[in-house]
Amino acid sequence: MPQVLVPTVCPYCGAGCQFFISVEKERATGIEYMPEHPASEGALCSKGNASLEVIYHQDRLRYPLKKTGDGWARISWDEAMDLIVRGLGGALKKFGPERVGFLSSSKCTNEENYLIEKMARCLGSKNIDNCARLCHAPSVVGLNRTLGAAGMTNPIPDLANSKCVFIIGSNLAENHAILSRWIHRAKDSGAVVIVADPRMTHTAWMADIFLQLKPGTDVALLDGLAHVIIKEGLIDRDYIAKWTRGYDELVEAVRDYSPEKVSEITGVPAEDIVRAARAYAISPASVILYSMGITQHSTGTDNVQAVANLALICGHLGKPGSGVMPLRGQNNVQGACDMGALAEFYPGYKKADDPGTAKFFSSGWNVSSLPVGRGLTATEMIDSAASGDIKAMYIVGEDPANSDPSSNHTRDALEKLDFLVVQDIFMTATVQLADVVLPAAVWAEKEGTYTSTERRVQWSQKAVSPPGEALSDLEIVCDVANHLGLDFDYPNAAAVLAEINRLVPQYGGITRPRLDGMGLIWPCPNEDHPGTPILHIGGFKLQDSRASIVPVQYRPAAEDASWDYPFVLTTGRVAVHHNAGSMTRRSPSLIERDPELFMEINTADAARLKIADGDEVLVTSPRGETSARARLTDKVKRGVVFMPFHFPGTNNLTSEVTDPEAKIPEFKVSACKISRRD
Amino acid sequence: MPVYVDISRCIGCRSCEVACKRVHGGKGHVNVHMAGDHASVPVFCHHCEEATCTMACFTGALYKDGERTAFDVEKCTGCGLCRLACPFGVVWSDKIAHKCDLCAGRETPTCILSCPANALSTDFELASRRARTRAAMAVAYGGRR
């Protein structure tokens with residue numbers, strides 16, 4: 001039987017690795033690597049290697065379902081659409097579009113996200129968001145303000161050209177594993193690697209300088225580095241004069257952040273702060289990589305701005321090996337944001353509160369009017385559902401009941417909705433709460449583009465057909481939109497991409513015929529444009545082409561350890577699981593490697609609480625409690641505990657306090673107490 | 001020609017484990033061990049020059065084929081002596097023995113292709129060559145600070 005090799009983009013993290021699925025007799029039978037891929041060079045992490053296990057899993061949703069008194073009943077697509085017209089359409093009519101919410105999916109293609117965004121706006125709703133709210137909303141706000149663009153500034157392979165790699169709040173060795181090959185390559189050519197993290201992570205193994213800071217003290221550390229760099233005159237004066245504004249205010253703002261004072265706040269030895277500052281500043285090309293450890297804080301936007309400030313005063317932007325690199329978590333979270341599945345933006349980061357934006361898209365989409373203004377964010381929609389302001393929701397490929405903070409509150413809120421329709425591949429905790437369930441296709445069962453963390457837009461081909469009556473998200477969204485009275489006539493993803501080319505300037509030249517191969521990096525305004533791997537060469541897309549240095553002051557996290565809750569809980573990921581875990585926890589070769597929720601606790605703390613390695617412990621926060629298996633380790637300092645968020649339970653504990661601007665919850669710092677369960 | 005590990009590069013991501021298992025019908029031959037909090041080590045078949053597993057195997061199912069320690073499943077009785085004989089604990093058995101075959105039929109072993117950190121190779125000298133380059137470059141750029 002002939003074997004066909006179909007190129008697809010990995011469905012897990014944002015690194016954008018491609019691989020071939022070998023298809024025999026219309027079945028995906030194996031994976032072949034793609035050594036010519038520019039970012040991964042053919043490598044795949046454990047999750048990518050196990051990705052096919054998801055396709056044929058017995059738990060896949062195969063038919064539309066409706067909730068009945070005692071469980072679920074299989075229904076036809078027609079009946080599902082009738083129910084949606086009555087439920088969602090009814091709520092739109094009865095309560096108005098401002099009381100209906102849409103959550104788009106950073107696992108879906110650009111085309112699908114674009115259509116969900118278009119559907120929500122055309123129905124008159126401003127309430128559309130995606131899970132970027134829970135990961136990189138502060139980067140969107142903070143980097144747009146300081147640098148004028150919110151993506152990774154340089155492509156992944158460019159890391160090899162760096163002479164100083166500063167990683168803060170990212171465990172990329174476990175979560176974006178293929179980046180480590182580029183960092184090691186940089187190291188082999190003389191680069192210094194600095195890692196700042198509350199845990200001695202696998203990423204920290206690469207470090208020459210490891211800064212183990214207390215969770216939530218990132219601004220103090222970054223301001224401390226800026227203080228040393230300014231005091232020792234290691235700044236790039238020409239760059240500051242030519243390309244930035246606001247430097248003098250920064251000098252004033254960081255005056256008090258002496259290494260000694262920062263050491264007191266962060267717990268990092270003062271001499272390490274000085275070493276790190278010198279290494280970052282004097283290297284000819286330095287790059288900062290960051291991730292959730294920077295963003296998931298009530299000071300998330302400040303953290304991001306402090307990162308940008310550091311790069312700006314040293315002139316480490318707009319050249320090979322130098323940049324600011326936010327690492328995106330989902331395979332298409334960059335694309336979902338680009339496509340406007342965010343409360344404050346239309347496609348292409350056109351501001352929603354600008355009447356000109358609504359005008360531009362109403363003529364582009366051929367509709368009479370579109371809503372102007374910022375809608376409710378993902379976290380605000382949940383709160384509004386709880387208070388009864390949001391009456392109906394359409395959730396595509398997201399699991400807020402598991403991934404949002406304070407899970408009990410989220411579940412209560414979703415249960416209060418008059419009508420909830422969820423479109424997914426598995427029966428997740430959120431699907432359990434739905435009135436109508438729509439079965440969707442996984443990445444290998446559909447085609448379309450995904451935008452990786454390096455802004456690389458790649459076409460993923462369809463390898464196999466979806467199970468049962470499941471359909472691609474694109475087909476489902478078009479069907480729903482048409483039933484709700486819109487006119488969505490798109491035969492395939494390429495037709496949607498053609499419209500994106502027309503209406504999203506960054507994607508103007510990223511047309512279907514150009515996407516055979518390794519994709520293009522946006523901005524790519526026209527068909528002759530080669531794409532823009534490195535941003536900010538020759539200035540910024542801000543006033544006078546100058547970047548803004550926005551000084552920030554350290555504010556403590558909303559919660560700290562107290563008499564009643566003596567530990568600080570921080571959360572993160574492990575190598576063999578991904579996000580809320582609905583895929584990886586169903587993947588046999590992954591779940592057997594990390595089968596249950598665990599909690600890392602310092603050996604000295606554990607001894608005091610009489611906890612042994614492997615004991616079951618009860619972890620309690622002001623919001624809820626959960627059980628976990630104790631892992632004794634010296635990776636975390638005393639007073640700090642770590643839990644991965646891939647398992648239900650962790651987010652029973654986490655804090656709902658959000659960043660005032662970006663509205664991201666403070667997943668990374670919550671107070672808790674621990675007792676042995678026996 | 002066994003697979004060599006550059007321990008300074010291993011990031012404990014377990015890609016090799018899962019990749020090996022994937023191409024060997026669910027029976028993998030690599031084990032990544034966490035060495036405390038500071039390192040991880042993938043443990044492979046060494047394809048020993050004087051392989052004790054081949055000495056223990058009375059049916060000749062395990063035998064030396066050039067540099068490779070090869071395995072003929074047809075001859076295996078599943079006795080498990082090879083498992084006892086292996087000094088590295090990398091041969092295992094259920095009804096038959098399982099061990100690294102260097103991905104027979106493939107040009108390069110899957111674990112090497114899959115390793116995100118480039119920690120694996122068939123080049124014995126690679127790790128020390130890299131260390132020398134690092135040392136030289138560090139001197140050129142003013143030390144590791």
# chains A, B, ... in the order shown; residues from 1 in each chain; ligands from 1
>>> select_by_dssp(residues="range 2-138 of chain B", states="strand (DSSP E)", output="VMD selection string")
chain B and resid 4 to 5 31 to 35 39 to 43 62 to 65 68 to 71 92 to 93 97 to 98 120 to 121
>>> closest_atom_pairs(of="chain A", to="chain B", cutoff="6 Å", atoms="only C-alpha atoms", output="CSV")
residue,atom,partner,partner_atom,distance
A:Ala43,CA,B:Ser114,CA,4.2
A:Leu44,CA,B:Ser114,CA,5.1
A:Cys45,CA,B:Ser15,CA,4.7
A:Ser46,CA,B:Ser15,CA,3.9
A:Asn49,CA,B:Ala19,CA,5.6
A:Ala173,CA,B:Ile11,CA,5.9
A:Glu174,CA,B:Cys13,CA,5.6
A:Ala177,CA,B:Pro116,CA,5.7
A:Ile178,CA,B:Pro116,CA,4.4
A:Ser180,CA,B:Ala117,CA,5.2
A:Arg181,CA,B:Ala117,CA,4.1
A:Asp188,CA,B:Arg134,CA,4.5
A:Ser189,CA,B:Met137,CA,5.7
A:Gly190,CA,B:Met137,CA,4.5
A:His202,CA,B:Ile11,CA,5.8
A:Ala575,CA,B:Cys13,CA,5.3
>>> write_last_selection(atoms="N, CA and C atoms", output="CSV table (one decimal), in the first residue's frame")
chain,number,residue,atom,x,y,z
A,43,ALA,N,13.8,18.1,14.8
A,43,ALA,CA,13.7,17.6,16.1
A,43,ALA,C,12.2,17.8,16.6
A,44,LEU,N,11.8,17.0,17.5
A,44,LEU,CA,10.5,17.1,18.1
A,44,LEU,C,10.6,16.8,19.6
A,45,CYS,N,9.8,17.4,20.4
A,45,CYS,CA,9.9,17.1,21.8
A,45,CYS,C,9.0,15.8,22.1
A,46,SER,N,8.9,15.4,23.3
A,46,SER,CA,8.1,14.2,23.7
A,46,SER,C,6.7,14.4,23.2
A,49,ASN,N,6.2,14.0,19.5
A,49,ASN,CA,6.4,12.6,19.1
A,49,ASN,C,5.2,11.7,19.5
A,173,ALA,N,13.4,24.8,28.3
A,173,ALA,CA,14.0,23.4,28.0
A,173,ALA,C,12.9,22.4,28.1
A,174,GLU,N,11.9,22.6,28.9
A,174,GLU,CA,10.8,21.6,29.0
A,174,GLU,C,9.6,22.0,28.1
A,177,ALA,N,11.1,22.9,23.8
A,177,ALA,CA,12.4,22.2,23.9
A,177,ALA,C,13.4,22.5,22.8
A,178,ILE,N,12.9,22.7,21.6
A,178,ILE,CA,13.8,22.9,20.4
A,178,ILE,C,14.6,24.2,20.5
A,180,SER,N,16.3,25.0,22.9
A,180,SER,CA,17.6,24.7,23.6
A,180,SER,C,18.7,24.4,22.7
A,181,ARG,N,18.4,23.8,21.5
A,181,ARG,CA,19.6,23.5,20.6
A,181,ARG,C,20.2,24.8,20.1
A,188,ASP,N,28.1,27.5,22.6
A,188,ASP,CA,29.3,26.9,22.1
A,188,ASP,C,30.1,28.0,21.3
A,189,SER,N,29.5,29.1,20.9
A,189,SER,CA,30.3,30.2,20.3
A,189,SER,C,30.5,31.3,21.3
A,190,GLY,N,30.5,31.0,22.5
A,190,GLY,CA,31.0,32.0,23.5
A,190,GLY,C,29.9,32.8,24.3
A,202,HIS,N,15.0,22.8,34.4
A,202,HIS,CA,15.9,22.2,33.5
A,202,HIS,C,16.6,23.3,32.6
A,575,ALA,N,7.7,18.7,31.2
A,575,ALA,CA,8.1,18.4,29.8
A,575,ALA,C,7.0,17.6,29.0
>>> select_by_dssp(residues="range 29-58 of chain B", states="helix (DSSP H, G or I)", output="VMD selection string")
chain B and resid 52 to 56
>>> write_last_selection(atoms="C-alpha atoms", output="short mmCIF file (atom, residue, chain, number, x, y, z; two decimals), in the first residue's frame")
data_model
loop_
_atom_site.label_atom_id
_atom_site.label_comp_id
_atom_site.auth_asym_id
_atom_site.auth_seq_id
_atom_site.Cartn_x
_atom_site.Cartn_y
_atom_site.Cartn_z
CA THR B 52 27.81 -9.68 28.14
CA CYS B 53 24.24 -10.04 26.86
CA THR B 54 25.54 -11.92 23.81
CA MET B 55 27.63 -14.15 26.06
CA ALA B 56 24.60 -14.99 28.20
#
>>> atom_distance(atom1="CA of Asp223 in chain A", atom2="CA of Val254 in chain A")
5.7 Å
>>> residues_around(residues="range 154-170 of chain A", least_positions_apart="4", cutoff="8 Å", atoms="only C-alpha atoms", output="ChimeraX atom specification")
/A:38-39,179,182-187,189-197,203,279-280,283-294,320-325,327,454-455,533-535
>>> residues_around(residues="Pro198 in chain A", least_positions_apart="2", cutoff="6 Å", atoms="only C-alpha atoms", output="VMD selection string")
chain A and resid 212 to 215
>>> atom_distance(atom1="CA of Ser675 in chain A", atom2="CA of Asp564 in chain A")
12.3 Å
>>> closest_residue(among="B:Asp6, B:Asp123, B:Asp72, B:Asp94", to="Pro42 in chain B", atoms="only C-alpha atoms")
B:Asp6
>>> atom_distance(atom1="CA of Ser139 in chain A", atom2="CA of Ile390 in chain A")
27.1 Å
>>> residues_around(residues="Ala630 in chain A", least_positions_apart="4", cutoff="8 Å", atoms="only C-alpha atoms", output="ChimeraX atom specification")
/A:598-601,611-617
>>> write_last_selection(atoms="C-alpha atoms", output="PDB file, in the first residue's frame")
ATOM      1  CA  PHE A 598       2.549  16.704  42.264  1.00  0.00           C
ATOM      2  CA  MET A 599       3.899  19.455  44.409  1.00  0.00           C
ATOM      3  CA  GLU A 600       7.575  20.330  44.680  1.00  0.00           C
ATOM      4  CA  ILE A 601       8.549  21.364  48.188  1.00  0.00           C
ATOM      5  CA  ILE A 611       6.292  15.119  54.805  1.00  0.00           C
ATOM      6  CA  ALA A 612       8.262  12.394  53.018  1.00  0.00           C
ATOM      7  CA  ASP A 613       8.858  12.081  49.285  1.00  0.00           C
ATOM      8  CA  GLY A 614       5.745  10.556  47.707  1.00  0.00           C
ATOM      9  CA  ASP A 615       3.368  11.447  50.539  1.00  0.00           C
ATOM     10  CA  GLU A 616      -0.061  12.701  49.587  1.00  0.00           C
ATOM     11  CA  VAL A 617      -0.505  16.264  50.781  1.00  0.00           C
TER      12      VAL A 617
END
>>> residues_around(residues="Val436 in chain A", least_positions_apart="3", cutoff="6 Å", atoms="only C-alpha atoms", output="ChimeraX atom specification")
/A:65-66,421
>>> residues_around(residues="Trp443 in chain A", least_positions_apart="5", cutoff="9 Å", atoms="only C-alpha atoms", output="PDB file with N, CA and C atoms, in the first residue's frame")
ATOM      1  N   THR A   8       2.557  18.628   8.376  1.00  0.00           N
ATOM      2  CA  THR A   8       1.640  19.316   9.285  1.00  0.00           C
ATOM      3  C   THR A   8       2.450  20.097  10.321  1.00  0.00           C
ATOM      4  N   VAL A   9       1.779  21.043  10.968  1.00  0.00           N
ATOM      5  CA  VAL A   9       2.416  21.828  12.024  1.00  0.00           C
ATOM      6  C   VAL A   9       2.014  21.218  13.357  1.00  0.00           C
ATOM      7  N   CYS A  10       2.986  20.989  14.233  1.00  0.00           N
ATOM      8  CA  CYS A  10       2.739  20.341  15.525  1.00  0.00           C
ATOM      9  C   CYS A  10       1.653  21.088  16.302  1.00  0.00           C
ATOM     10  N   PRO A  11       0.719  20.344  16.925  1.00  0.00           N
ATOM     11  CA  PRO A  11      -0.404  20.998  17.611  1.00  0.00           C
ATOM     12  C   PRO A  11      -0.087  21.459  19.029  1.00  0.00           C
ATOM     13  N   ILE A  55      -5.161  11.489  17.956  1.00  0.00           N
ATOM     14  CA  ILE A  55      -6.094  11.419  16.822  1.00  0.00           C
ATOM     15  C   ILE A  55      -7.095  10.280  16.993  1.00  0.00           C
ATOM     16  N   LYS A 107      -5.752  27.122  19.616  1.00  0.00           N
ATOM     17  CA  LYS A 107      -5.386  25.861  18.986  1.00  0.00           C
ATOM     18  C   LYS A 107      -5.915  25.798  17.550  1.00  0.00           C
ATOM     19  N   CYS A 108      -6.851  26.692  17.216  1.00  0.00           N
ATOM     20  CA  CYS A 108      -7.434  26.674  15.873  1.00  0.00           C
ATOM     21  C   CYS A 108      -6.556  27.462  14.896  1.00  0.00           C
ATOM     22  N   THR A 109      -6.839  27.292  13.607  1.00  0.00           N
ATOM     23  CA  THR A 109      -6.033  27.962  12.587  1.00  0.00           C
ATOM     24  C   THR A 109      -6.336  29.458  12.555  1.00  0.00           C
ATOM     25  N   GLY A 448      -5.047  24.647   6.987  1.00  0.00           N
ATOM     26  CA  GLY A 448      -5.071  26.059   7.337  1.00  0.00           C
ATOM     27  C   GLY A 448      -3.704  26.507   7.809  1.00  0.00           C
ATOM     28  N   SER A 460      -0.610  24.050   7.233  1.00  0.00           N
ATOM     29  CA  SER A 460      -0.653  22.664   7.677  1.00  0.00           C
ATOM     30  C   SER A 460      -1.679  21.928   6.829  1.00  0.00           C
ATOM     31  N   GLN A 461      -1.282  20.788   6.271  1.00  0.00           N
ATOM     32  CA  GLN A 461      -2.185  20.069   5.372  1.00  0.00           C
ATOM     33  C   GLN A 461      -3.068  19.079   6.114  1.00  0.00           C
ATOM     34  N   LYS A 462      -4.153  18.708   5.474  1.00  0.00           N
ATOM     35  CA  LYS A 462      -5.053  17.702   6.047  1.00  0.00           C
ATOM     36  C   LYS A 462      -4.496  16.318   5.737  1.00  0.00           C
ATOM     37  N   ALA A 463      -4.340  15.479   6.778  1.00  0.00           N
ATOM     38  CA  ALA A 463      -3.786  14.147   6.572  1.00  0.00           C
ATOM     39  C   ALA A 463      -4.870  13.077   6.568  1.00  0.00           C
ATOM     40  N   SER A 472     -14.420  20.108  10.747  1.00  0.00           N
ATOM     41  CA  SER A 472     -13.394  21.106  11.071  1.00  0.00           C
ATOM     42  C   SER A 472     -14.083  22.318  11.680  1.00  0.00           C
TER      43      SER A 472
END
>>> closest_residue(among="B:Thr122, B:Gly60, B:Cys82, B:Ser93", to="Glu107 in chain B", atoms="only C-alpha atoms")
B:Thr122
